[in-house]
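J.: Mind looking over this structure? Questions follow.
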Amino acid sequence: MEQVYEDEIQHVRQGVKWFDREREPGLSQWEAYTGALHLPMTPSRGKGLGFNREGRLRAGLEPAFIDEMEILTEHRGRPRRVWVYNPMCEIEVGQGREDKTLPKPRREAVSDLANLPMFLCNRADILYTGRPPEKSFLKAWKQRGLSLPEIVTAEDGKLDGKEFADRIVGGLRPWGWTPGILDLQKRISPQQVELEEGGPDLSWGYPQFSELYAKHRILELRRRLRERFEMFPFGPELVDGGLVSSMREIDLWRERIACELQLNTVLKGPFGTAGIGQLRLEPDRALTVPELRWIDKVLQNHGRMLVEPWVLDLDDYSALLTVHRDNPSKSVITTSRFFTDLRGQYMGTLLGRMTAGMDPDRLRALEYETDGLSIRKLIPLAGKEAALWLAEQGYYGPAGLDMYTYRLPGQGRKRFLKPAGEVNYRFTMGHVARRLEKFLAKGARGIWILVGLRHLAQRGIADFTTFGAESAQRFPPCFGPDKGLVSGVLFTNEPDKARQMLGVMAVGPEAVNELIRDTGLTL
């Protein structure tokens, strides 16, 4: 067998010699190789059952070619799904077009996280991105057990689908559906008549998306949950908020909220995400000119906006949904505990046991039962009700129902539960966190946090490259017999490329406590 092995290396070396002689000048081995293949031939057919790097090096193949082949996911069978990251989907729907005027920091943050769908992909899917990860980053995650998708890079970073002109794919899998995404779906997979795994009907356009995504729809779900679980302590109905269509109505709501609840008021435009599109108002404070202009613009464009009390948010929970088209009552529902900053922007999710690190007072509040129903038990039940509600509106696929506990002035330490804080008609960071949990060692606990530039400034660190190097040195990853992470940190995007945001997965008490201290979270 040893002689057969050596003979094969010689044969491949001879082939590489002629291949290098004939390939077009300026093309790498990988570019020339993939450019010469035509469907149904694909690079994965040349990979084999195992992977022998040393033999390929001895045969004369370039290290870059071998890297590409090593991270390649073998594909056979069903047409491949194409994944796209478009987290500003709600804003796109609100404006009727893709928002090209987002502030530079926001655009850079979206770009930093553009490859998160690679943690959601199944085997042999495709990630369509304008900013592909480095091969070393992909190789490291594959060694940890991640089934990597094929990476298709959009020319000039524009996701227009032209890279799929000669390919057969099984449809699109975006972060969230919009009219623009539906157009892309038709371009990359015109042969697909129906969406296989959720999402709206292909005939949908702007009016349907606009009505579905509008934030005031949450009022319907809040009423439905109160009726369904009428004995549960959701708190005063005033906390659910209402709709306003004029400054006079806004003033009346502010006065009522301040008088009955002694709380500030928050105005929410019909469309927004990550804290965008909302305005917090203190009692009796005169509105500024920019605030008045924003309110006037929202009311002129959309006719109404949501008004709510700004309550003291204690603990955030999410029911992560996958709404089934055929049987919505059997929708997949999992729960998680996540964290936001003072602006309501997502920061991180606990990995592992939801109650890890929770103080006794909060734990008792989570488990305390009213007529046999506790907050812990209610979250998945509310998620099931939300799945049925979404299906009634014609939406199927990934979604998230956010809920949170809160206190009211003058009510002591009593905790209430917001019946529905937010509904996301898309994938959420919680879905990503759930996938990251499979890389933990059995019984391990951790946290996944999106570290921003402001967190680096608090520690006096200049950039993400320095932060990444220091974190990796202080908390090197340690893996158990099952290859799961026992302790240490891993990054879900590349520190050397990050400009505004870095995903950090910390496991073990020391790494978790340090990351919590750096970001100011309270468990």
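A note on labels: chains of the structure tokens are A, B, ... as shown, every chain counts residues from 1, and ligands are counted from 1 in their shown order.
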Considering only helix (DSSP H, G or I) as DSSP defines it on the backbone, what residues of segment 155-291 of chain A qualify? List them as a ChimeraX atom specification.

T.: /A:155-157,162-164,179-188,206-213,215-228,237-240,247-261,289-291

J.: Could you pull the residues within 12 Å of segment 349-354 of chain A, counting only C-alpha atoms, minus those fewer than 6 positions along the same chain, as a PyMOL selection string?

T.: chain A and resi 315-318+334-340+362-363+366+376+428-450+485+503-508+512+516+521-523

J.: Taking only residues of segment 370-412 of chain A that have an atom at most 12 Å from an atom of segment 239-255 of chain A, what is each one's shortest atom pair and its distance in Å to one decimal, using only C-alpha atoms, in chain and number order, as a Markdown table?

T.:
| residue | atom | partner | partner_atom | distance |
| --- | --- | --- | --- | --- |
| A:Met403 | CA | A:Asp240 | CA | 12.0 |
| A:Thr405 | CA | A:Val239 | CA | 11.9 |
| A:Tyr406 | CA | A:Val239 | CA | 10.3 |
| A:Arg407 | CA | A:Val239 | CA | 11.0 |
| A:Leu408 | CA | A:Val239 | CA | 9.9 |

J.: Give me, as a ChimeraX atom specification, all polymer residues having an atom no more than 10 Å from Lys17 of chain A, counting only C-alpha atoms and skipping those fewer than 4 positions away in the same chain.

T.: /A:12-13,21-22,59-61

J.: Neighbours of segment 129-143 of chain A within 7 Å (only C-alpha atoms; same-chain residues fewer than 3 positions away dropped), as a list in words?

T.: Asp67, Ile71, Val84, Ala114, Leu146, Ser147, Leu148, Ile151, Val152, Thr153, Ala154, Gly157 and Lys158 of chain A

J.: Which neighbours of Pro105 of chain A fall inside 12 Å, counting only C-alpha atoms, when residues of the same chain fewer than 6 positions from it are skipped, and could you give them as a PyMOL selection string?

T.: chain A and resi 111-112+452-454+498-501

J.: With N, CA, C and O atoms kept, could you save the residues just selected as a PDB file, in the first residue's frame?

T.:
ATOM      1  N   SER A 111     -21.584  44.943   8.007  1.00  0.00           N
ATOM      2  CA  SER A 111     -20.532  44.259   7.252  1.00  0.00           C
ATOM      3  C   SER A 111     -19.709  43.335   8.141  1.00  0.00           C
ATOM      4  O   SER A 111     -19.341  42.222   7.741  1.00  0.00           O
ATOM      5  N   ASP A 112     -19.439  43.769   9.366  1.00  0.00           N
ATOM      6  CA  ASP A 112     -18.665  42.935  10.295  1.00  0.00           C
ATOM      7  C   ASP A 112     -19.345  41.594  10.543  1.00  0.00           C
ATOM      8  O   ASP A 112     -18.681  40.561  10.688  1.00  0.00           O
ATOM      9  N   GLY A 452     -18.664  46.013  21.049  1.00  0.00           N
ATOM     10  CA  GLY A 452     -18.579  47.177  20.180  1.00  0.00           C
ATOM     11  C   GLY A 452     -17.365  48.041  20.488  1.00  0.00           C
ATOM     12  O   GLY A 452     -16.648  47.831  21.474  1.00  0.00           O
ATOM     13  N   LEU A 453     -17.152  49.035  19.647  1.00  0.00           N
ATOM     14  CA  LEU A 453     -16.006  49.928  19.829  1.00  0.00           C
ATOM     15  C   LEU A 453     -16.045  50.641  21.174  1.00  0.00           C
ATOM     16  O   LEU A 453     -15.011  50.895  21.784  1.00  0.00           O
ATOM     17  N   ARG A 454     -17.247  50.961  21.642  1.00  0.00           N
ATOM     18  CA  ARG A 454     -17.347  51.678  22.923  1.00  0.00           C
ATOM     19  C   ARG A 454     -16.834  50.824  24.076  1.00  0.00           C
ATOM     20  O   ARG A 454     -16.317  51.351  25.058  1.00  0.00           O
ATOM     21  N   ALA A 498     -12.664  43.340  11.859  1.00  0.00           N
ATOM     22  CA  ALA A 498     -13.776  44.039  12.494  1.00  0.00           C
ATOM     23  C   ALA A 498     -13.502  45.532  12.607  1.00  0.00           C
ATOM     24  O   ALA A 498     -12.410  45.948  12.983  1.00  0.00           O
ATOM     25  N   ARG A 499     -14.520  46.323  12.298  1.00  0.00           N
ATOM     26  CA  ARG A 499     -14.396  47.775  12.392  1.00  0.00           C
ATOM     27  C   ARG A 499     -15.308  48.378  13.459  1.00  0.00           C
ATOM     28  O   ARG A 499     -14.964  49.377  14.083  1.00  0.00           O
ATOM     29  N   GLN A 500     -16.472  47.753  13.675  1.00  0.00           N
ATOM     30  CA  GLN A 500     -17.416  48.273  14.656  1.00  0.00           C
ATOM     31  C   GLN A 500     -17.879  47.234  15.676  1.00  0.00           C
ATOM     32  O   GLN A 500     -18.258  47.590  16.778  1.00  0.00           O
ATOM     33  N   MET A 501     -17.831  45.951  15.306  1.00  0.00           N
ATOM     34  CA  MET A 501     -18.437  44.941  16.170  1.00  0.00           C
ATOM     35  C   MET A 501     -17.730  43.604  16.012  1.00  0.00           C
ATOM     36  O   MET A 501     -17.356  43.204  14.901  1.00  0.00           O
TER      37      MET A 501
END

J.: Hey, which of A:Asp371, A:Glu8, A:Asp402, A:Glu422 ends up closest to Leu320 of chain A? Count only C-alpha atoms.

T.: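 Residue with the minimum atom-to-atom distance to Leu320 of chain A: A:Asp402.
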
J.: Could you pull out all residues of segment 129-217 of chain A with a DSSP call of strand (DSSP E) and give them as a list of chain:residue names?

T.: A:Thr129, A:Glu150, A:Ile151, A:Val152, A:Thr153, A:Val169, A:Gly170, A:Gly171, A:Leu172, A:Arg173, A:Pro174

J.: Selected residues, C-alpha atoms, written as a PDB file, in the first residue's frame, please.

T.:
ATOM      1  CA  THR A 129     -21.587  37.564   0.806  1.00  0.00           C
ATOM      2  CA  GLU A 150     -19.664  27.132   0.025  1.00  0.00           C
ATOM      3  CA  ILE A 151     -18.729  30.819  -0.027  1.00  0.00           C
ATOM      4  CA  VAL A 152     -19.830  32.772  -3.104  1.00  0.00           C
ATOM      5  CA  THR A 153     -18.414  36.295  -3.180  1.00  0.00           C
ATOM      6  CA  VAL A 169     -29.945  26.365  -6.570  1.00  0.00           C
ATOM      7  CA  GLY A 170     -32.822  25.500  -4.297  1.00  0.00           C
ATOM      8  CA  GLY A 171     -33.884  29.010  -3.431  1.00  0.00           C
ATOM      9  CA  LEU A 172     -32.954  31.807  -1.065  1.00  0.00           C
ATOM     10  CA  ARG A 173     -32.640  31.763   2.729  1.00  0.00           C
ATOM     11  CA  PRO A 174     -32.323  35.395   3.866  1.00  0.00           C
TER      12      PRO A 174
END

J.: If I take atom CA of Pro309 of chain A and atom CA of Gln262 of chain A, how far is one from the other in Å, to one decimal?

T.: 9.1 Å

J.: Which one of A:Arg285, A:Pro233, A:Lys483, A:Ala64 sits closest to Tyr368 of chain A if you count only C-alpha atoms?

T.: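 Closest residue, counting only C-alpha atoms: A:Pro233.
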
J.: Hey, what's within 10 Å of segment 297-301 of chain A if we count only C-alpha atoms and toss same-chain stuff fewer than 4 positions away? As an mmCIF file with C-alpha atoms, in the first residue's frame, please?

T.:
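Output file selection.cif follows:
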data_model
loop_
_atom_site.group_PDB
_atom_site.id
_atom_site.type_symbol
_atom_site.label_atom_id
_atom_site.label_comp_id
_atom_site.auth_asym_id
_atom_site.auth_seq_id
_atom_site.Cartn_x
_atom_site.Cartn_y
_atom_site.Cartn_z
ATOM 1 C CA GLY A 94 -40.393 50.950 6.037
ATOM 2 C CA GLN A 95 -38.729 53.013 3.325
ATOM 3 C CA VAL A 244 -51.310 57.705 18.125
ATOM 4 C CA SER A 245 -51.800 59.758 14.976
ATOM 5 C CA SER A 246 -51.300 63.333 16.217
ATOM 6 C CA MET A 247 -49.262 65.406 18.659
ATOM 7 C CA LYS A 268 -41.846 53.877 18.144
ATOM 8 C CA GLY A 269 -42.063 54.396 14.415
ATOM 9 C CA PRO A 270 -43.773 51.594 12.449
ATOM 10 C CA PHE A 271 -40.442 50.232 11.222
ATOM 11 C CA GLY A 277 -36.723 54.479 14.988
ATOM 12 C CA GLU A 291 -37.724 65.409 17.656
ATOM 13 C CA LEU A 292 -40.776 67.292 16.401
ATOM 14 C CA ARG A 293 -39.571 66.951 12.832
ATOM 15 C CA MET A 305 -46.991 55.293 15.571
#
